[in-house]
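K.L.:
This is the structure I want to talk about, given as structure tokens.
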Amino acid sequence: MRRKLAAGNWKMNGLRSALGEVGILAADHLDPACEVVLCPPATLVRSMAKTCRENCVTIGAQDCHENSSGAHTGDISAEMLADAGAEYVILGHSERREAYDETDETVRNKAKAAWSAGLRAIICVGESASERKAANTLDIIGGQLAGSIPDAATGENLVIAYEPIWAIGTGLVPSIGDIGEVHDFIRMRLERRFGPGVGRSVRILYGGSMNAGNAADIVQVPNVDGGLIGGASLKAADFSKIITALNG
Ligand code: PGA
């Protein structure tokens, strides 16, 4: 049984004044069936982790460097994030792949660094609008999975997020059938590479314009184990409704 996961990606949003959102979330979901992870900007990881120590919300980060320390001005290592109280880290988000030219190899090295520091990696994959139009979606996803996931994956240290780039922040969402096709494909590839035990235990999230109105339908799709939610995770009141939908 894979426990459902609702992960909020705050991106570059959130000042200290937003810390109260976590308390509201926790009060709304004292004992949720699904796991709740919030990934605030790095500046808020420590204070959020402190606030959340006693409740159901776990804290994650949005990126880490592939090295554990050294001359990398402006970067943050996985060890530092773990030290600040993070338990998860999002890696290979399309915004980073695009803005910082992150390759599958970079993402794989970051995942290794995350695992060495004891963090769980949420590795993102997804096709662009033109790749979908050209019917290349599964090839693209297959390549990203093969290149971005290190060999030591387990159901504990890895979560995959399928995020079609054209669905992120646009209000566009693939059809239920298209989401199902990609998630089944990811599951098949995970089982083939890591064996049925590990392959079946890794959670696969859907991400891209998920909201309170569509979450319940999306999570009914086989092999959808939850969501990676951007815009709709910023306010506890919105994210809370999605968590309720994922609780089933
Ligand atoms: P969105 O973002 O929910 O705002 O579309 C999702 C993501 O980029 O993780």
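Letters A, B, ... go to the chains of the structure tokens in the order shown; residues in each chain start at 1; ligands are counted from 1 in the same order.
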Do you know which residues are at most 7 Å from Leu190 (chain A) counting only C-alpha atoms, after dropping those on the same chain fewer than 4 positions away, and could you put them as a ChimeraX atom specification?
P.N.:
/A:186,194,199
K.L.:
Just the residues within 8 Å of Ser128 (chain A), please, counting only C-alpha atoms, with nothing from its chain fewer than 2 positions along; format it as a ChimeraX atom specification.
P.N.:
/A:126,130-132,164-166
K.L.:
Could you list, as an NGL selection string, every residue within 9 Å of region 8-23 of chain A, counting only C-alpha atoms and ignoring same-chain residues fewer than 6 positions away?
P.N.:
:A and (36-41 or 43-44 or 47-48 or 51-52 or 55 or 57 or 60-62 or 90 or 227-237 or 239)
K.L.:
Generate a file of the selected residues that holds C-alpha atoms, formatted as a PDB file, in the first residue's frame.
P.N.:
```
ATOM      1  CA  VAL A  36       1.542  16.299   3.841  1.00  0.00           C
ATOM      2  CA  VAL A  37       4.832  17.904   2.777  1.00  0.00           C
ATOM      3  CA  LEU A  38       5.429  21.654   2.368  1.00  0.00           C
ATOM      4  CA  CYS A  39       8.431  22.876   0.386  1.00  0.00           C
ATOM      5  CA  PRO A  40       8.911  26.581   1.206  1.00  0.00           C
ATOM      6  CA  PRO A  41      11.846  28.696  -0.009  1.00  0.00           C
ATOM      7  CA  THR A  43      14.868  30.863   3.995  1.00  0.00           C
ATOM      8  CA  LEU A  44      11.786  29.403   5.701  1.00  0.00           C
ATOM      9  CA  SER A  47      11.417  27.968  11.060  1.00  0.00           C
ATOM     10  CA  MET A  48       8.770  25.840   9.344  1.00  0.00           C
ATOM     11  CA  THR A  51       6.805  24.765  13.832  1.00  0.00           C
ATOM     12  CA  CYS A  52       6.016  21.372  12.346  1.00  0.00           C
ATOM     13  CA  ASN A  55       2.401  17.999  13.880  1.00  0.00           C
ATOM     14  CA  VAL A  57       3.288  18.434   8.193  1.00  0.00           C
ATOM     15  CA  GLY A  60      11.016  19.805   2.169  1.00  0.00           C
ATOM     16  CA  ALA A  61      13.259  22.036   0.060  1.00  0.00           C
ATOM     17  CA  GLN A  62      13.076  22.872  -3.644  1.00  0.00           C
ATOM     18  CA  ILE A  90      12.308  18.525  -4.960  1.00  0.00           C
ATOM     19  CA  GLY A 227       0.004  15.633  -6.100  1.00  0.00           C
ATOM     20  CA  LEU A 228       2.778  18.212  -6.321  1.00  0.00           C
ATOM     21  CA  ILE A 229       0.895  21.452  -5.973  1.00  0.00           C
ATOM     22  CA  GLY A 230       2.272  24.924  -6.722  1.00  0.00           C
ATOM     23  CA  GLY A 231      -0.064  27.927  -6.711  1.00  0.00           C
ATOM     24  CA  ALA A 232      -2.859  26.178  -4.804  1.00  0.00           C
ATOM     25  CA  SER A 233      -0.532  25.273  -1.902  1.00  0.00           C
ATOM     26  CA  LEU A 234       0.302  28.858  -0.926  1.00  0.00           C
ATOM     27  CA  LYS A 235      -2.840  29.412   1.122  1.00  0.00           C
ATOM     28  CA  ALA A 236      -3.676  26.848   3.781  1.00  0.00           C
ATOM     29  CA  ALA A 237      -7.387  27.171   2.982  1.00  0.00           C
ATOM     30  CA  PHE A 239      -4.211  23.405   0.068  1.00  0.00           C
TER      31      PHE A 239
END
```
K.L.:
Nearest residue to Leu138 (chain A) out of A:Ile179, A:Val198, A:Leu5, A:Leu172, using only C-alpha atoms?
P.N.:
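Among the listed residues, the smallest separation from Leu138 (chain A) belongs to A:Ile179.
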K.L.:
In terms of the shortest atom-to-atom distance over only C-alpha atoms and all ligand atoms, which of A:Gly195, A:Gly180, A:Gly92, A:Gly142 is closest to ligand 1?
P.N.:
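Closest to ligand 1, using only C-alpha atoms and all ligand atoms: A:Gly92.
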K.L.:
May I have all residues of region 28-234 of chain A that DSSP, computed from the backbone, assigns to strand (DSSP E or B), given as a VMD selection string?
P.N.:
chain A and resid 35 to 39 57 to 61 65 77 88 to 91 120 to 125 158 to 162 203 to 207 226 to 229
K.L.:
Mind dumping the selected residues with N, CA and C atoms as a compact mmCIF listing (two decimals), in the first residue's frame?
P.N.:
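This went into result.txt:
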```txt
# COMPACT_ATOMS: atom_id res chain seq x y z
N GLU A 35 0.05 11.77 3.52
CA GLU A 35 1.21 12.49 4.04
C GLU A 35 1.20 13.91 3.48
N VAL A 36 1.54 14.90 4.29
CA VAL A 36 1.54 16.30 3.84
C VAL A 36 2.97 16.85 3.94
N VAL A 37 3.48 17.34 2.82
CA VAL A 37 4.83 17.90 2.78
C VAL A 37 4.74 19.33 2.24
N LEU A 38 5.37 20.27 2.89
CA LEU A 38 5.43 21.65 2.37
C LEU A 38 6.87 21.98 2.03
N CYS A 39 7.08 22.50 0.82
CA CYS A 39 8.43 22.88 0.39
C CYS A 39 8.49 24.39 0.21
N VAL A 57 2.69 17.91 9.43
CA VAL A 57 3.29 18.43 8.19
C VAL A 57 4.81 18.23 8.21
N THR A 58 5.32 17.70 7.11
CA THR A 58 6.76 17.49 6.96
C THR A 58 7.30 18.58 6.03
N ILE A 59 8.55 18.99 6.23
CA ILE A 59 9.10 20.08 5.42
C ILE A 59 10.12 19.57 4.41
N GLY A 60 10.06 20.15 3.22
CA GLY A 60 11.02 19.81 2.17
C GLY A 60 11.61 21.07 1.59
N ALA A 61 12.65 20.91 0.76
CA ALA A 61 13.26 22.04 0.06
C ALA A 61 13.00 21.87 -1.44
N HIS A 65 22.46 21.46 -3.99
CA HIS A 65 23.66 21.32 -4.83
C HIS A 65 24.08 19.85 -4.82
N SER A 77 23.66 22.99 0.18
CA SER A 77 23.83 21.53 0.05
C SER A 77 22.68 20.78 0.72
N TYR A 88 12.57 16.24 2.82
CA TYR A 88 12.42 15.98 1.38
C TYR A 88 13.14 17.07 0.61
N VAL A 89 13.45 16.80 -0.66
CA VAL A 89 13.89 17.87 -1.57
C VAL A 89 13.34 17.59 -2.97
N ILE A 90 12.77 18.62 -3.58
CA ILE A 90 12.31 18.53 -4.96
C ILE A 90 13.54 18.68 -5.86
N LEU A 91 13.67 17.82 -6.85
CA LEU A 91 14.83 17.91 -7.76
C LEU A 91 14.37 17.83 -9.21
N ARG A 120 14.73 12.57 1.27
CA ARG A 120 14.01 11.86 0.22
C ARG A 120 13.91 12.77 -0.99
N ALA A 121 14.08 12.23 -2.17
CA ALA A 121 14.08 13.05 -3.39
C ALA A 121 12.73 12.94 -4.11
N ILE A 122 12.18 14.11 -4.45
CA ILE A 122 10.99 14.14 -5.32
C ILE A 122 11.51 14.56 -6.70
N ILE A 123 11.71 13.61 -7.59
CA ILE A 123 12.31 13.90 -8.90
C ILE A 123 11.20 14.18 -9.91
N CYS A 124 11.29 15.35 -10.57
CA CYS A 124 10.25 15.77 -11.51
C CYS A 124 10.61 15.42 -12.95
N VAL A 125 9.61 14.97 -13.68
CA VAL A 125 9.75 14.70 -15.11
C VAL A 125 8.52 15.29 -15.80
N LEU A 158 12.63 7.71 -2.74
CA LEU A 158 12.28 8.31 -4.03
C LEU A 158 10.78 8.51 -4.20
N VAL A 159 10.43 9.69 -4.72
CA VAL A 159 9.07 9.97 -5.18
C VAL A 159 9.25 10.56 -6.58
N ILE A 160 8.41 10.16 -7.53
CA ILE A 160 8.44 10.75 -8.87
C ILE A 160 7.26 11.71 -9.00
N ALA A 161 7.49 12.88 -9.61
CA ALA A 161 6.38 13.78 -9.90
C ALA A 161 6.29 13.95 -11.41
N TYR A 162 5.15 13.55 -11.97
CA TYR A 162 4.91 13.78 -13.39
C TYR A 162 4.27 15.15 -13.54
N ARG A 203 6.20 6.20 -4.93
CA ARG A 203 4.99 6.98 -5.20
C ARG A 203 5.17 7.88 -6.42
N ILE A 204 4.11 7.99 -7.21
CA ILE A 204 4.13 8.82 -8.41
C ILE A 204 3.06 9.91 -8.26
N LEU A 205 3.53 11.17 -8.18
CA LEU A 205 2.60 12.29 -8.00
C LEU A 205 2.26 12.90 -9.35
N TYR A 206 1.07 13.47 -9.45
CA TYR A 206 0.75 14.32 -10.60
C TYR A 206 0.94 15.77 -10.18
N GLY A 207 1.48 16.62 -11.08
CA GLY A 207 1.60 18.05 -10.80
C GLY A 207 1.33 18.88 -12.04
N GLY A 226 -0.84 10.90 -5.48
CA GLY A 226 -0.93 12.20 -4.83
C GLY A 226 -0.56 13.31 -5.79
N GLY A 227 -0.25 14.49 -5.23
CA GLY A 227 0.00 15.63 -6.10
C GLY A 227 1.17 16.49 -5.64
N LEU A 228 1.80 17.15 -6.60
CA LEU A 228 2.78 18.21 -6.32
C LEU A 228 2.09 19.50 -6.74
N ILE A 229 1.80 20.33 -5.75
CA ILE A 229 0.89 21.45 -5.97
C ILE A 229 1.64 22.77 -5.78
```
K.L.:
Taking the chain letters and numbering used in this document, name the residues of region 85-232 of chain A that DSSP puts in alpha helix (DSSP H), as a PyMOL selection string.
P.N.:
chain A and resi 94-99+104-116+129-133+137-148+176-201+215-219
K.L.:
From the set A:Met1, A:Cys64, A:Leu81, A:Leu119, which residue has the shortest atom-to-atom contact distance to His93 (chain A), counting only C-alpha atoms?
P.N.:
A:Cys64
K.L.:
Using only C-alpha atoms for the distances, tell me which of A:Ile242, A:Ala42, A:Ile149, A:Val202 is nearest to Ala215 (chain A).
P.N.:
A:Ile242
K.L.:
Separation of CA of Thr106 (chain A) and CA of Pro196 (chain A), in Å?
P.N.:
26.7 Å
